[in-house]
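Notes follow once the structure below has been shown.
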Amino acid sequence: MKFSFQFREYSPKIEEIYGTILTLGNGHIGIRGEIELEPTVYGTTVIGIYDYTPYFYREIVNAPRVIGLDMIFNGEPINISTHKLLKYEKELDIEKGSLKTWVELETNKGTRIYYESLRIVHGKRKNVALLKFKFKTDKKGVLTLINPIDIDVANPSYRPEILVKHCDVEELDFGEDFIYAGVKTIDRKYTLDIASSLLPNEKVDRSVIKSAKGIAEVLSIEVEANRVYEFVKYMIISSEKVPDLKDKALKELREVKKLGFNKLFAEHKEYWSEIWKKAKVEIYGDEEAEKCLNFNIFHLIQSLPRDSNISLAARGIHGFGYRGHVFWDTEIYALPFFIAVFPEDAKRMLIYRHKNLEAAKKNAKLNGYEGAQFPWESVDDGYEATPSLIPLDMMGKELVRIYTREEEHHITADISYIVDFYYKFTNDEDFMAKYGLEIIFETARFWASRIEFDEKKGYVIKKVIGPDEYHEHVDNNFFTNLMAKHNLLLGVTYYKKALKRGGTWKDTVDRVGIREEEVQKWNEIAKKIYLPRQIDGVFEEFDGYFDLEDYSVDPHGIGEARLPEEIRKKIGKTKLIKQADVIAAQYLLKDQFDIKTIKKNFDYYIVRTTHASSLSMPIYAIVASWLGYEDLAYEYFMKCAYADLKNLYGNTHDGFHLAAAGGAWQVLFRGFCGIDIEGNCIKIAPRLPSKWKAVKFGFSFRGAWLEIKITPKEVVVKNVEGKKTIKLDILGKELLLRPNEQIVVSF
Ligand code: IFM
């Protein structure tokens, strides 16, 4: 694989977009892709480090910026925005996980400057980032390099009065060959230790400055004309909870300097090469789709937390959109990729939810319910982090009231859904005993208390927001009711399984205190749960939806900006929906619908969906592919894959759209390749886009690693690792795939 992405424009606005799409990360550190030579409001994110903030409860912290570099040549500061820029090029190499930058400029005094850098955030050493750079000029003179740890950073915001600085300086220190900053978050919960060292390949004069902005080392060097000078900047960003963190950080800095850039880069490349052996998707006949899909996979992997104290944030490590909060995006959109390809990593994200079960129980209690109610937006402590008010509207003036924290309850069922999905893929009994069963039982308990009985309708769920967030305070949202039913039935099924299995599963039943009568009640509620009207086969999205003013949109467009203002203003009173809702339920719970019904619903809702959310198109793409709407499926797939590369939602600067990224992978897996797990059987019913000559990738299934190749004429599946025989159903043909064997089905 050789995938690199080139970018050649420069303007502060475009640079903010590059900041996101060229982010490098390793599951601990995230460093945005803005050029090191320019100041920026963006610092560094450290996964799992949150702090209190107005409106948003807690937000991911903009950590001190250590990647920056100031250059002064013969008294002229070398900013690319203030001189004549002759060349600006950036190249993200997703195969190596590296970012290269080339700058050529003529200064206001007429000096030519050539600058070239290579940046990595180390894959194997979670605290380490490196910047190697070269400098050349056509004049001799004095080059001054300033290597700062900038602690004067605040979280970017739309409104200046709510800029929050989260880092409180504890210590600034330096030695002969290092600078160091120790900071704590304002809530005192987290410590960050940052150390850096800029190593020249020549003799230089070195001094250190401390200021309100932080600490910086300053190197001065007499340079000759037309000679290349090379430097390596070593950076350590550490957040471990150990007493001697500073010593550890400085020790690690010494160690990596001793190893040197080349060895460290070799290790880093090895890391990515191992990752790509599993994660890569090859698409023959469509290089563009192949590149874009792997680009999204790269960003998903970089955002994957290394421990279970936090899960994948909706906008990744790439920015401050949604303040680093974790939504259903993680479970429903991103996790299927990790479950299929990196199940051990997926498990950590599920354990994160289990760790927060106590918080979810408190949340339920606070709202008058039983069991566990997961927050719509979650952070490091598992409490509800959704703002009730957002201090901006479209004009950036008024506070906007948000009801999702009170009403978007489907997340609780979504989490149970994915626990079951994980179990289907992995058969991880131990996980279920320790974590999974408890999540399913406690969430079933929640729904049993959340649901009300209505004499006429049966069990109803009132006052919710479904995935379509245009309609608030609605009763009986189709998605919510169906997912709640599924959650209750999972409770019933796993309870029965646990009794049958005994051992640790039965222990969990006892530990959680699940009683037979309780489970019977879950069953009864599930069976009598009310679903809104169905007219001509189309399910009403919620009670009363069909009575709203009709309005339709072009299914190829994105967002609300294309709507007339009067429609935008009253959008909640129309039938327009923001994203897949009924169709999302039909995707997740496919088995409950026949294809004719799915088609009727798809045809109805597709012309009423604005796709204002990036979570919409992945689901419509998958279902479109099931329905044989090949062009539309492919168009939506590419739009998911291009969401950030082309800034399709206009807010890429706020972070990566990881739901669209995970969604794009699901379009491939569940849509084009038609892969489903049914019992212990993998069903494969492909419908490749017609220009695809073949698609090839791997995934893990119950301890086996399977490699699959699909062409328009055949399916080839290899069982390359593991000791298990796998049951397959390829286009209706049932087969057994033994270890180290391959099966070819031609059609
Ligand atoms: O979770 C989504 C939601 O479905 C639509 N608004 C944005 C959220 C975060 O991506």
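Residue names in the structure tokens use chain letters A, B, ... in the order shown, residue numbers from 1 in each chain, and ligand numbers from 1 in the order shown.
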Closest contacts (chain A/ligand 1, max 8 Å, only C-alpha atoms and all ligand atoms) as a Markdown table:
| residue | atom | partner | partner_atom_place_in_ligand_line | distance |
| --- | --- | --- | --- | --- |
| A:Ala314 | CA | ligand 1 | 10 (O) | 5.3 |
| A:Arg315 | CA | ligand 1 | 10 (O) | 7.2 |
| A:Tyr322 | CA | ligand 1 | 9 (C) | 6.9 |
| A:Phe327 | CA | ligand 1 | 1 (O) | 5.2 |
| A:Trp328 | CA | ligand 1 | 1 (O) | 5.6 |
| A:Asp329 | CA | ligand 1 | 1 (O) | 5.3 |
| A:Pro467 | CA | ligand 1 | 4 (O) | 5.4 |
| A:Asp468 | CA | ligand 1 | 4 (O) | 7.4 |
| A:Glu469 | CA | ligand 1 | 5 (C) | 7.0 |
| A:Gln579 | CA | ligand 1 | 4 (O) | 7.7 |
| A:Ser613 | CA | ligand 1 | 5 (C) | 5.4 |
| A:Ser614 | CA | ligand 1 | 10 (O) | 7.3 |
| A:Leu615 | CA | ligand 1 | 4 (O) | 6.2 |
| A:His657 | CA | ligand 1 | 10 (O) | 7.2 |
| A:Ala659 | CA | ligand 1 | 10 (O) | 6.9 |
Write out the residues from the selection above, keeping N, CA and C atoms, as a compact mmCIF listing (two decimals), in the first residue's frame.
# COMPACT_ATOMS: atom_id res chain seq x y z
N ALA A 314 -16.70 11.80 19.33
CA ALA A 314 -17.37 11.94 18.02
C ALA A 314 -16.47 12.63 16.99
N ARG A 315 -15.70 13.62 17.41
CA ARG A 315 -14.84 14.32 16.46
C ARG A 315 -13.37 13.96 16.68
N TYR A 322 -18.02 19.36 19.55
CA TYR A 322 -18.72 18.56 20.57
C TYR A 322 -17.84 18.31 21.78
N PHE A 327 -20.63 10.07 21.92
CA PHE A 327 -22.05 9.94 21.59
C PHE A 327 -22.33 8.50 21.13
N TRP A 328 -23.55 8.28 20.64
CA TRP A 328 -23.88 6.98 20.03
C TRP A 328 -23.09 6.75 18.76
N ASP A 329 -22.48 7.80 18.23
CA ASP A 329 -21.62 7.69 17.04
C ASP A 329 -20.62 6.55 17.24
N PRO A 467 -33.21 9.76 16.46
CA PRO A 467 -32.02 10.19 15.71
C PRO A 467 -32.29 11.46 14.88
N ASP A 468 -33.53 11.57 14.37
CA ASP A 468 -33.92 12.80 13.66
C ASP A 468 -34.16 13.88 14.70
N GLU A 469 -33.19 14.74 14.87
CA GLU A 469 -33.27 15.69 15.98
C GLU A 469 -34.09 16.94 15.67
N GLN A 579 -31.78 13.13 9.69
CA GLN A 579 -30.94 11.97 9.37
C GLN A 579 -31.78 10.70 9.45
N SER A 613 -26.88 15.88 9.17
CA SER A 613 -25.92 15.21 10.04
C SER A 613 -25.10 14.23 9.20
N SER A 614 -23.82 14.13 9.55
CA SER A 614 -22.95 13.20 8.80
C SER A 614 -23.29 11.75 9.13
N LEU A 615 -24.21 11.54 10.08
CA LEU A 615 -24.59 10.18 10.43
C LEU A 615 -25.68 9.63 9.51
N HIS A 657 -15.14 13.71 11.30
CA HIS A 657 -16.46 13.10 11.47
C HIS A 657 -16.27 11.58 11.54
N ALA A 659 -18.07 9.26 12.79
CA ALA A 659 -19.23 8.41 12.50
C ALA A 659 -19.30 8.15 10.99
> Can you list every residue in stretch 181-426 of chain A that DSSP puts in alpha helix (DSSP H), as a PyMOL selection string?
Replying inline: chain A and resi 245-279+287-303+328+335-341+343-355+357-366+404-407+410-426
> If you count only C-alpha atoms, which residues fall within 7 Å of A:Gly182, apart from same-chain ones fewer than 5 positions away, as a list in words?
Replying inline: Val169, Glu170, Glu171, Leu172, Leu192, Asp193 and Ile194 of chain A
Go ahead and write the selection's residues with C-alpha atoms as a PDB file, in the first residue's frame.
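Now in out_7.pdb:
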ATOM      1  CA  VAL A 169       1.201  25.764  35.467  1.00  0.00           C
ATOM      2  CA  GLU A 170       2.844  23.838  38.262  1.00  0.00           C
ATOM      3  CA  GLU A 171       6.424  24.043  37.148  1.00  0.00           C
ATOM      4  CA  LEU A 172       8.581  25.293  34.311  1.00  0.00           C
ATOM      5  CA  LEU A 192       0.358  16.765  32.055  1.00  0.00           C
ATOM      6  CA  ASP A 193       4.120  16.636  31.842  1.00  0.00           C
ATOM      7  CA  ILE A 194       5.626  17.998  28.702  1.00  0.00           C
TER       8      ILE A 194
END
> What lies within 9 Å of stretch 519-532 of chain A using only C-alpha atoms, ignoring chain neighbours under 4 positions off, as a count of residues only?
Replying inline: 34
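Ranking A:Phe265, A:Tyr634, A:Tyr158, A:Phe669 by their shortest atom-to-atom distance to A:Ile390, with only C-alpha atoms included, puts A:Tyr158 first.
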>> Show me, as a ChimeraX atom specification, the residues that have an atom within 12 Å of A:Lys362 when counting only C-alpha atoms, minus same-chain residues fewer than 6 positions from it.
In response: /A:356,368-375,381-384,442,446
Filtering to N, CA, C and O atoms, could you give me those residues as a PDB file, in the first residue's frame?
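Heads up, here's the output in out.pdb:
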ATOM      1  N   ASN A 356     -18.719   3.089  33.583  1.00  0.00           N
ATOM      2  CA  ASN A 356     -19.601   4.212  33.879  1.00  0.00           C
ATOM      3  C   ASN A 356     -21.030   3.778  34.195  1.00  0.00           C
ATOM      4  O   ASN A 356     -21.946   4.597  34.189  1.00  0.00           O
ATOM      5  N   GLY A 368     -35.672   9.776  37.619  1.00  0.00           N
ATOM      6  CA  GLY A 368     -36.856   9.054  38.101  1.00  0.00           C
ATOM      7  C   GLY A 368     -37.008   7.656  37.532  1.00  0.00           C
ATOM      8  O   GLY A 368     -38.096   7.090  37.543  1.00  0.00           O
ATOM      9  N   TYR A 369     -35.939   7.087  37.011  1.00  0.00           N
ATOM     10  CA  TYR A 369     -36.020   5.747  36.424  1.00  0.00           C
ATOM     11  C   TYR A 369     -35.163   4.756  37.200  1.00  0.00           C
ATOM     12  O   TYR A 369     -34.374   5.118  38.068  1.00  0.00           O
ATOM     13  N   GLU A 370     -35.295   3.502  36.778  1.00  0.00           N
ATOM     14  CA  GLU A 370     -34.477   2.439  37.391  1.00  0.00           C
ATOM     15  C   GLU A 370     -33.397   2.000  36.415  1.00  0.00           C
ATOM     16  O   GLU A 370     -33.391   2.408  35.259  1.00  0.00           O
ATOM     17  N   GLY A 371     -32.538   1.121  36.876  1.00  0.00           N
ATOM     18  CA  GLY A 371     -31.507   0.571  35.989  1.00  0.00           C
ATOM     19  C   GLY A 371     -30.471   1.613  35.610  1.00  0.00           C
ATOM     20  O   GLY A 371     -30.187   2.527  36.382  1.00  0.00           O
ATOM     21  N   ALA A 372     -29.943   1.485  34.403  1.00  0.00           N
ATOM     22  CA  ALA A 372     -28.879   2.392  33.959  1.00  0.00           C
ATOM     23  C   ALA A 372     -29.306   3.147  32.716  1.00  0.00           C
ATOM     24  O   ALA A 372     -29.707   2.537  31.726  1.00  0.00           O
ATOM     25  N   GLN A 373     -29.211   4.454  32.809  1.00  0.00           N
ATOM     26  CA  GLN A 373     -29.513   5.303  31.649  1.00  0.00           C
ATOM     27  C   GLN A 373     -28.217   6.006  31.239  1.00  0.00           C
ATOM     28  O   GLN A 373     -27.708   6.859  31.967  1.00  0.00           O
ATOM     29  N   PHE A 374     -27.690   5.606  30.105  1.00  0.00           N
ATOM     30  CA  PHE A 374     -26.437   6.225  29.669  1.00  0.00           C
ATOM     31  C   PHE A 374     -26.688   7.653  29.194  1.00  0.00           C
ATOM     32  O   PHE A 374     -27.739   7.935  28.611  1.00  0.00           O
ATOM     33  N   PRO A 375     -25.709   8.525  29.460  1.00  0.00           N
ATOM     34  CA  PRO A 375     -25.899   9.921  29.055  1.00  0.00           C
ATOM     35  C   PRO A 375     -25.832  10.069  27.547  1.00  0.00           C
ATOM     36  O   PRO A 375     -25.118   9.318  26.880  1.00  0.00           O
ATOM     37  N   ASP A 381     -16.114  10.930  33.248  1.00  0.00           N
ATOM     38  CA  ASP A 381     -16.714  10.427  34.480  1.00  0.00           C
ATOM     39  C   ASP A 381     -18.050   9.727  34.251  1.00  0.00           C
ATOM     40  O   ASP A 381     -18.674   9.259  35.197  1.00  0.00           O
ATOM     41  N   GLY A 382     -18.507   9.688  33.004  1.00  0.00           N
ATOM     42  CA  GLY A 382     -19.740   8.949  32.700  1.00  0.00           C
ATOM     43  C   GLY A 382     -21.022   9.689  33.020  1.00  0.00           C
ATOM     44  O   GLY A 382     -22.110   9.164  32.816  1.00  0.00           O
ATOM     45  N   TYR A 383     -20.919  10.925  33.520  1.00  0.00           N
ATOM     46  CA  TYR A 383     -22.149  11.670  33.810  1.00  0.00           C
ATOM     47  C   TYR A 383     -22.632  12.388  32.555  1.00  0.00           C
ATOM     48  O   TYR A 383     -21.888  12.553  31.597  1.00  0.00           O
ATOM     49  N   GLU A 384     -23.867  12.803  32.625  1.00  0.00           N
ATOM     50  CA  GLU A 384     -24.465  13.493  31.478  1.00  0.00           C
ATOM     51  C   GLU A 384     -23.702  14.789  31.198  1.00  0.00           C
ATOM     52  O   GLU A 384     -23.570  15.636  32.083  1.00  0.00           O
ATOM     53  N   GLU A 442     -29.046  -4.039  33.104  1.00  0.00           N
ATOM     54  CA  GLU A 442     -29.354  -2.739  33.723  1.00  0.00           C
ATOM     55  C   GLU A 442     -30.059  -1.792  32.747  1.00  0.00           C
ATOM     56  O   GLU A 442     -30.857  -0.960  33.166  1.00  0.00           O
ATOM     57  N   PHE A 446     -33.814  -0.159  32.841  1.00  0.00           N
ATOM     58  CA  PHE A 446     -34.134   1.250  32.565  1.00  0.00           C
ATOM     59  C   PHE A 446     -35.388   1.343  31.701  1.00  0.00           C
ATOM     60  O   PHE A 446     -36.331   2.059  32.031  1.00  0.00           O
TER      61      PHE A 446
END
>> Rounded to one decimal, what separation in Å do you get between atom CA of A:Ala641 and atom CA of A:Cys292?
In response: 5.5 Å
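For the choices A:Ile78, A:Ala216, A:Leu668, A:Ile682, the atom-to-atom distance to A:Glu734 is smallest for A:Ile682 when using only C-alpha atoms.
Going from atom CA of A:Ile317 to atom CA of A:Pro305 covers 9.4 Å.
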>> Under the rule that only C-alpha atoms are counted, which of A:Leu198, A:Leu731, A:Ala585, A:Lys251 is the nearest residue to A:Met235?
In response: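 Going through A:Leu198, A:Leu731, A:Ala585, A:Lys251 one by one, the smallest distance to A:Met235 is for A:Leu198.
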>> If DSSP is run on the backbone, what residues of stretch 110-216 of chain A are strand (DSSP E)? A reply as a ChimeraX atom specification would be ideal.
In response: /A:112-121,128-137,141-150,167-175,178-185,191-200,205-211,214-216
>> So that I can see what lies close to A:Lys355, please list as a ChimeraX atom specification the residues with an atom at most 12 Å from it, counting only C-alpha atoms and leaving out residues fewer than 6 positions away in the same chain.
In response: /A:307-311,348-349,361,372,374,379-383,434-436,438-439
Can I get the selected residues back with all heavy atoms, as a compact mmCIF listing (two decimals), in the first residue's frame?
# COMPACT_ATOMS: atom_id res chain seq x y z
N ASP A 307 -6.72 3.24 26.61
CA ASP A 307 -7.25 2.59 27.81
C ASP A 307 -8.76 2.78 27.88
O ASP A 307 -9.35 3.48 27.05
CB ASP A 307 -6.53 3.06 29.08
CG ASP A 307 -6.74 4.53 29.33
OD1 ASP A 307 -7.87 5.00 29.13
OD2 ASP A 307 -5.79 5.21 29.74
N SER A 308 -9.36 2.13 28.89
CA SER A 308 -10.83 2.13 28.92
C SER A 308 -11.39 3.27 29.79
O SER A 308 -12.54 3.23 30.18
CB SER A 308 -11.31 0.78 29.43
OG SER A 308 -10.72 0.53 30.68
N ASN A 309 -10.55 4.27 30.09
CA ASN A 309 -11.07 5.40 30.87
C ASN A 309 -11.92 6.34 30.04
O ASN A 309 -12.63 7.18 30.57
CB ASN A 309 -9.92 6.19 31.50
CG ASN A 309 -9.20 5.35 32.52
OD1 ASN A 309 -9.83 4.52 33.18
ND2 ASN A 309 -7.90 5.52 32.63
N ILE A 310 -11.78 6.20 28.74
CA ILE A 310 -12.58 7.05 27.84
C ILE A 310 -12.82 6.24 26.57
O ILE A 310 -12.14 5.25 26.31
CB ILE A 310 -11.86 8.40 27.56
CG1 ILE A 310 -12.79 9.39 26.83
CG2 ILE A 310 -10.57 8.19 26.75
CD1 ILE A 310 -13.93 9.91 27.66
N SER A 311 -13.79 6.68 25.80
CA SER A 311 -14.04 6.00 24.53
C SER A 311 -13.78 6.99 23.39
O SER A 311 -13.36 8.12 23.62
CB SER A 311 -15.47 5.48 24.52
OG SER A 311 -15.67 4.63 23.43
N ARG A 348 -12.22 -2.55 24.89
CA ARG A 348 -11.91 -1.48 25.84
C ARG A 348 -12.98 -0.39 25.81
O ARG A 348 -13.33 0.18 26.84
CB ARG A 348 -10.56 -0.84 25.50
CG ARG A 348 -9.37 -1.64 25.91
CD ARG A 348 -8.16 -0.75 26.02
NE ARG A 348 -7.93 0.00 24.79
CZ ARG A 348 -7.27 -0.46 23.73
NH1 ARG A 348 -6.78 -1.68 23.75
NH2 ARG A 348 -7.10 0.30 22.68
N MET A 349 -13.50 -0.13 24.61
CA MET A 349 -14.52 0.93 24.53
C MET A 349 -15.83 0.50 25.17
O MET A 349 -16.58 1.31 25.69
CB MET A 349 -14.72 1.34 23.07
CG MET A 349 -13.52 2.07 22.53
SD MET A 349 -13.88 2.85 20.97
CE MET A 349 -13.16 1.68 19.85
N LYS A 361 -26.45 4.61 36.37
CA LYS A 361 -27.53 4.27 37.31
C LYS A 361 -27.97 5.53 38.06
O LYS A 361 -29.16 5.75 38.27
CB LYS A 361 -27.03 3.22 38.31
CG LYS A 361 -26.98 1.82 37.73
CD LYS A 361 -26.82 0.86 38.88
CE LYS A 361 -26.10 -0.38 38.51
NZ LYS A 361 -25.66 -1.16 39.66
N ALA A 372 -29.94 1.48 34.40
CA ALA A 372 -28.88 2.39 33.96
C ALA A 372 -29.31 3.15 32.72
O ALA A 372 -29.71 2.54 31.73
CB ALA A 372 -27.61 1.59 33.66
N PHE A 374 -27.69 5.61 30.10
CA PHE A 374 -26.44 6.22 29.67
C PHE A 374 -26.69 7.65 29.19
O PHE A 374 -27.74 7.93 28.61
CB PHE A 374 -25.78 5.40 28.56
CG PHE A 374 -25.14 4.16 29.09
CD1 PHE A 374 -25.73 2.92 28.94
CD2 PHE A 374 -23.93 4.24 29.78
CE1 PHE A 374 -25.14 1.77 29.46
CE2 PHE A 374 -23.33 3.10 30.30
CZ PHE A 374 -23.94 1.86 30.14
N VAL A 379 -18.42 11.84 29.07
CA VAL A 379 -17.01 12.23 29.13
C VAL A 379 -16.23 11.26 30.02
O VAL A 379 -16.55 10.07 30.07
CB VAL A 379 -16.85 13.70 29.60
CG1 VAL A 379 -17.17 14.66 28.48
CG2 VAL A 379 -17.72 14.00 30.82
N ASP A 380 -15.24 11.77 30.75
CA ASP A 380 -14.37 10.89 31.52
C ASP A 380 -15.02 10.32 32.76
O ASP A 380 -14.54 9.34 33.32
CB ASP A 380 -13.07 11.62 31.88
CG ASP A 380 -13.31 12.93 32.62
OD1 ASP A 380 -14.41 13.50 32.49
OD2 ASP A 380 -12.41 13.38 33.33
N ASP A 381 -16.11 10.93 33.25
CA ASP A 381 -16.71 10.43 34.48
C ASP A 381 -18.05 9.73 34.25
O ASP A 381 -18.67 9.26 35.20
CB ASP A 381 -16.89 11.57 35.49
CG ASP A 381 -17.81 12.67 34.97
OD1 ASP A 381 -18.38 12.49 33.88
OD2 ASP A 381 -17.96 13.69 35.66
N GLY A 382 -18.51 9.69 33.00
CA GLY A 382 -19.74 8.95 32.70
C GLY A 382 -21.02 9.69 33.02
O GLY A 382 -22.11 9.16 32.82
N TYR A 383 -20.92 10.93 33.52
CA TYR A 383 -22.15 11.67 33.81
C TYR A 383 -22.63 12.39 32.55
O TYR A 383 -21.89 12.55 31.60
CB TYR A 383 -21.93 12.66 34.96
CG TYR A 383 -21.78 11.94 36.28
CD1 TYR A 383 -20.58 11.93 36.96
CD2 TYR A 383 -22.85 11.22 36.80
CE1 TYR A 383 -20.44 11.23 38.15
CE2 TYR A 383 -22.73 10.52 37.99
CZ TYR A 383 -21.52 10.53 38.66
OH TYR A 383 -21.39 9.82 39.82
N LYS A 434 -18.28 -10.54 32.82
CA LYS A 434 -17.77 -9.43 33.64
C LYS A 434 -18.48 -8.11 33.36
O LYS A 434 -18.63 -7.29 34.27
CB LYS A 434 -16.28 -9.24 33.38
CG LYS A 434 -15.41 -10.32 33.99
CD LYS A 434 -13.96 -9.91 33.89
CE LYS A 434 -13.03 -10.94 34.44
NZ LYS A 434 -11.91 -11.22 33.53
N TYR A 435 -18.82 -7.87 32.11
CA TYR A 435 -19.32 -6.53 31.75
C TYR A 435 -20.63 -6.55 30.94
O TYR A 435 -21.56 -5.81 31.24
CB TYR A 435 -18.28 -5.78 30.90
CG TYR A 435 -16.87 -5.87 31.40
CD1 TYR A 435 -15.92 -6.70 30.78
CD2 TYR A 435 -16.47 -5.11 32.50
CE1 TYR A 435 -14.62 -6.77 31.25
CE2 TYR A 435 -15.17 -5.17 32.97
CZ TYR A 435 -14.25 -6.01 32.34
OH TYR A 435 -12.96 -6.08 32.80
N GLY A 436 -20.63 -7.35 29.89
CA GLY A 436 -21.70 -7.25 28.88
C GLY A 436 -23.09 -7.54 29.45
O GLY A 436 -24.03 -6.77 29.21
N GLU A 438 -24.22 -7.39 32.42
CA GLU A 438 -24.69 -6.37 33.36
C GLU A 438 -25.20 -5.13 32.60
O GLU A 438 -26.22 -4.54 32.98
CB GLU A 438 -23.55 -5.99 34.31
CG GLU A 438 -24.04 -5.21 35.51
CD GLU A 438 -22.96 -4.96 36.54
OE1 GLU A 438 -21.83 -5.46 36.36
OE2 GLU A 438 -23.25 -4.24 37.51
N ILE A 439 -24.49 -4.77 31.54
CA ILE A 439 -24.95 -3.61 30.75
C ILE A 439 -26.34 -3.92 30.18
O ILE A 439 -27.28 -3.11 30.28
CB ILE A 439 -23.96 -3.29 29.60
CG1 ILE A 439 -22.63 -2.78 30.17
CG2 ILE A 439 -24.56 -2.27 28.63
CD1 ILE A 439 -21.56 -2.45 29.13
> Residues at most 7 Å from A:Phe697, counting only C-alpha atoms, excluding those fewer than 4 positions away in the same chain, as a list of chain:residue names?
Replying inline: A:Lys280, A:Val281, A:Glu282, A:Glu707, A:Ile708, A:Lys709
Preceding selection exported with all heavy atoms as a tab-separated table (two decimals), in the first residue's frame:
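Saved to result_34.tsv:
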chain	number	residue	atom	x	y	z
A	280	LYS	N	-6.24	-2.74	6.30
A	280	LYS	CA	-6.29	-2.26	4.91
A	280	LYS	C	-7.47	-2.85	4.11
A	280	LYS	O	-7.80	-4.02	4.24
A	280	LYS	CB	-4.96	-2.67	4.27
A	280	LYS	CG	-4.88	-2.55	2.78
A	280	LYS	CD	-3.51	-2.96	2.31
A	280	LYS	CE	-3.26	-4.45	2.56
A	280	LYS	NZ	-1.96	-4.92	2.12
A	281	VAL	N	-8.05	-2.00	3.30
A	281	VAL	CA	-9.07	-2.47	2.36
A	281	VAL	C	-8.55	-2.20	0.95
A	281	VAL	O	-8.14	-1.08	0.65
A	281	VAL	CB	-10.40	-1.71	2.58
A	281	VAL	CG1	-11.42	-2.12	1.53
A	281	VAL	CG2	-10.95	-1.96	3.98
A	282	GLU	N	-8.54	-3.23	0.13
A	282	GLU	CA	-8.09	-3.04	-1.26
A	282	GLU	C	-9.30	-3.05	-2.17
A	282	GLU	O	-10.14	-3.95	-2.08
A	282	GLU	CB	-7.14	-4.16	-1.67
A	282	GLU	CG	-5.80	-4.08	-0.95
A	282	GLU	CD	-4.96	-5.31	-1.20
A	282	GLU	OE1	-4.38	-5.44	-2.29
A	282	GLU	OE2	-4.93	-6.17	-0.29
A	707	GLU	N	-9.77	-13.79	5.58
A	707	GLU	CA	-9.47	-12.87	4.48
A	707	GLU	C	-10.49	-13.11	3.40
A	707	GLU	O	-10.74	-14.26	3.02
A	707	GLU	CB	-8.07	-13.14	3.95
A	707	GLU	CG	-7.03	-12.39	4.75
A	707	GLU	CD	-5.62	-12.76	4.37
A	707	GLU	OE1	-5.40	-13.39	3.32
A	707	GLU	OE2	-4.74	-12.43	5.18
A	708	ILE	N	-11.04	-12.03	2.93
A	708	ILE	CA	-12.13	-12.18	1.97
A	708	ILE	C	-11.80	-11.41	0.70
A	708	ILE	O	-11.27	-10.30	0.76
A	708	ILE	CB	-13.46	-11.73	2.63
A	708	ILE	CG1	-14.62	-11.90	1.70
A	708	ILE	CG2	-13.43	-10.32	3.11
A	708	ILE	CD1	-15.95	-11.97	2.44
A	709	LYS	N	-12.10	-12.04	-0.41
A	709	LYS	CA	-11.95	-11.33	-1.69
A	709	LYS	C	-13.24	-11.54	-2.47
A	709	LYS	O	-13.71	-12.67	-2.63
A	709	LYS	CB	-10.76	-11.90	-2.47
A	709	LYS	CG	-10.54	-11.18	-3.77
A	709	LYS	CD	-9.26	-11.60	-4.44
A	709	LYS	CE	-9.15	-10.85	-5.76
A	709	LYS	NZ	-8.11	-11.36	-6.60
> Given the choices A:Gln6, A:Ser197, A:Thr82, A:Thr191, which gets closest to A:Ile67 if the distance is worked out from only C-alpha atoms?
Replying inline: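 Ranking A:Gln6, A:Ser197, A:Thr82, A:Thr191 by distance to A:Ile67, first place goes to A:Ser197.
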> What separation in Å, quoted to one decimal, exists between atom CA of A:Glu255 and atom CA of A:Arg206?
Replying inline: 21.1 Å
